[in-house]
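Since the structure comes first, as structure tokens, the remarks are kept for the end.
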Amino acid sequence: MKPTGTDPRILSIAAEVAKSPEQNVPVILLKLKEIINNTPLGSSELKKIKQDIYCYDLIQYCLLVLSQDCSRIQGGWTTISQLTQILSHCCVGLEPGEDAEEFYNELLPSAAENFLVLGRQLQTCFINAAKAEEKDELLHFFQIVTDSLFWLVGGHVELIQNVLQSDHFLHLLQTDNVQIGSTVLMMLQNILQINSGDLLRIRGKALHSILDEVIFKLFSTSSPVIRSSATKLLLLMAESHQEILILLRQSACYKGLRRLLSKQETGTEFSKELRRLVSLLSPTVYQEVEEQKLHQAACLIQAYWKGFQTRKRLKKLPSAVIALQRSFRSKRIKMLLEINRKKEEEDLRLRLQLQRQRAMRLSRELRLSMLEIVHPGQVEKHNREMEEKSALIIQKHWRGYRERKNFRQQRQSLTEYKAAVTLQRAALKFLAKCRKKKKLFAPWRGLQELTDARRVELKQQVDDYVRRHLVCRLLCPTGITLFQRAGSHHGHLLLKVQGDVAQLLLDVMHDFPLSRGGKAIAALDEDLHEVVRSPPARSRSKMAWGKAYPS
């Protein structure tokens with residue numbers, strides 16, 4: 001969108017550029033220089049003119065002309081140098097508006113690159129020129145181009161990094177010509193004085209190349225101008241950036257630099273700058289720089305830590321404020337409740353006092369009314385009854401108060417008494433359990449010993465048992481026959497078994513007290529009898545019989 005209120009001179013130039021052939025465009029664009037020079041510097045009118053020039057694409061035309069071959073342009077290097085001035089002046093202080101991204105990202109870097117390309121072309125022409133007048137003229141054009149580049153970079157410092165990283169700038173710096181080299185060094189020094197921070201943002205290879213070239217010019221040339229410019233530039237770089245100073249001090253590429261600088265002549269114009277550079281590269285200064293660097297690092301760490309702590313406290317501040325408000329509100333509520341409680345107690349006390357006074361007043365009135373009703377002869381009797389009732393009420397309240405007081409005083413002893421009763425109950429339960437357990441095991445420990453008569457009676461019972469269960473079997477015909485067939489061995493074995501059983505019974509009867517064990521002995525008798533007569537015992541006896549006396 002074209003701006004309103006455009007300068008008619010700009011409109012005429014734009015129309016003329018649009019209608020004229022290509023070879024006449026550079027000459028037409030030179031008219032812009034007169035318009036810019038006649039406008040006061042820094043005025044709003046100049047800013048409006050620059051915006052009109054940009055909106056009608058006259059800056060783009062200048063850029064296209066500068067990118068063409070200089071031999072095809074009318075006026076040659078004169079026209080080109082003036083167009084570089086016009087382009088740099090139009091770009092500095094211009095507000096592009098809606099096309100800001102295109103202006104800053106495309107147009108400005110392209111203009112700076114074209115300036116460097118023109119500088120290389122002028123450098124080549126200057127070296128190849130044979131006449132001194134031609135060299136002087138080309139050198140003048142070269143200085144105009146470098147001044148235009150410096151003006152453009154001074155207005156847009158973001159272009160410094162692009163310029164320093166450009167291969168064309170490095171080729172300009174590597175020239176052997178004294179005049180071209182001094183001009184380039186002076187331009188580099190002026191650029192670094194504007195903003196030296198961009199020097200560390202360029203690539204490491206480009207930074208090393210610039211340092212190498214500056215140090216090379218300091219020691220390789222005999223021109224005092226080159227050496228002075230290189231010394232001042234190196235001193236500016238070392239003083240501006242500690243990283244560069246450390247690089248010059250520690251890097252193996254620049255080993256011995258301080259020794260070589262100390263050997264330079266001291267009577268020159270730049271001897272003061274040279275001594276400062278040597279002192280910067282000395283170990284003491286390097287140590288101070290290291291300490292300063294450590295100090296800055298410590299300050300940076302402290303700043304980050306303090307910032308972290310501050311942010312942490314700020315994050316906790318809402319919760320702390322909430323907690324403070326909660327505690328304050330709770331305390332205020334408690335105070336209000338306490339005040340309300342005191343007010344209620346005071347109101348209650350006043351109400352009770354009023355009720356008491358009202359009751360006393362009513363009682364007096366009642367008494368007076370009753371005195372008026374009662375016969376004068378019964379007044380004394382009535383007063384006496386009232387006194388007795390009053391005395392009874394007073395006694396009742398006094399006794400109640402006394403008993404309550406005594407009860408409060410005896411509450412501790414009553415508690416101790418209840419505790420003692422509880423302990424006694426538990427102890428009695430425990431002792432009862434112990435006595436119950438003792439009674440369970442008492443029959444086994446409290447049996448009395450057998451008497452001689454009882455022992456004779458029990459022995460007689462055992463003899464009857466043995467006679468009834470053993471001797472009868474041995475005297476039966478089958479037992480006699482079997483005994484005769486089996487021989488004395490088997491018979492002896494059977495008698496031995498039966499005899500062992502009888503002896504076991506005798507031992508039990510003798511050793512085991514039988515005051516309460518008659519039934520147990522009878523049961524034991526039957527059990528032993530069943531064991532002797534059990535099928536397994538008889539089968540084992542038959543097996544032993546078969547082995548000893550086969551049929």
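Here, A, B, ... name the chains of the structure tokens in the order displayed, residue numbers run from 1 inside each chain, and ligands are numbered from 1 in the same displayed order.
Within the 10 Å cut-off around region 180-185 of chain A, using only C-alpha atoms and omitting residues fewer than 6 positions from it on the same chain, the listed residues are Gly119, Leu122, Gln123, Phe126, Ile127, Leu139, Phe142, Gln143, Thr146, Asp147, Phe169, Leu170, Leu172, Leu173, Gln174, Ile191, Val214, Lys217, Ser223, Val225, Ile226, Arg227, Ser228, Ser229, Ala230, Lys232 and Leu233 of chain A.
With CA of Gln189 (chain A) on one side and CA of Glu243 (chain A) on the other, the separation reads 18.1 Å.
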Problem - Atom-to-atom span, CA of Gly93 (chain A) and CA of Glu34 (chain A), Å - result: 17.8 Å
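Minimum atom-to-atom distances from A:Met386, A:Ala132, A:Ile86, A:Val145 to Leu371 (chain A) were compared using only C-alpha atoms, and the lowest value belongs to A:Met386.
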Practice task
Tell me, as a PyMOL selection string, which residues lie within 7 Å of region 55-65 of chain A, counting only C-alpha atoms; anything in the same chain fewer than 2 positions away does not count.
Solution key: chain A and resi 2+14+26+51-53+67-68+83+87+111
What would the file look like if the residues just selected were written as a CSV table (one decimal), in the first residue's frame with N, CA and C atoms?
chain,number,residue,atom,x,y,z
A,2,LYS,N,0.7,2.1,-1.0
A,2,LYS,CA,1.5,3.3,-1.2
A,2,LYS,C,1.0,4.4,-0.2
A,14,ALA,N,10.5,7.9,-9.3
A,14,ALA,CA,10.0,6.5,-9.4
A,14,ALA,C,9.4,6.3,-10.8
A,26,PRO,N,20.8,3.9,-13.1
A,26,PRO,CA,21.7,4.4,-12.0
A,26,PRO,C,21.9,5.9,-12.0
A,51,GLN,N,10.9,6.6,4.0
A,51,GLN,CA,9.8,5.7,3.8
A,51,GLN,C,9.2,5.7,2.4
A,52,ASP,N,9.1,6.9,1.8
A,52,ASP,CA,8.6,6.9,0.4
A,52,ASP,C,9.6,6.2,-0.5
A,53,ILE,N,10.9,6.4,-0.3
A,53,ILE,CA,11.8,5.8,-1.2
A,53,ILE,C,11.7,4.3,-1.1
A,67,SER,N,24.5,-4.8,-7.6
A,67,SER,CA,24.8,-6.2,-7.8
A,67,SER,C,25.2,-6.4,-9.3
A,68,GLN,N,25.1,-5.4,-10.2
A,68,GLN,CA,25.5,-5.6,-11.6
A,68,GLN,C,27.0,-5.4,-11.8
A,83,LEU,N,25.9,5.6,-5.2
A,83,LEU,CA,24.8,4.8,-4.9
A,83,LEU,C,24.9,4.1,-3.6
A,87,LEU,N,22.2,4.3,-0.6
A,87,LEU,CA,21.7,3.1,0.0
A,87,LEU,C,21.9,3.1,1.5
A,111,ALA,N,22.6,-5.9,1.3
A,111,ALA,CA,23.3,-4.7,1.1
A,111,ALA,C,24.7,-4.7,1.6
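Distance annotation: of A:Glu106, A:Met186, A:Arg468, A:His89, the residue with the minimal separation from Gly154 (chain A) is A:His89; atom set is only C-alpha atoms.
When CA of His168 (chain A) is paired with CA of Met187 (chain A), their separation reads 14.1 Å.
Closest to Ser81 (chain A) among A:Ile144, A:Ala427, A:Leu350, A:Val27 is A:Ile144, based on only C-alpha atoms.
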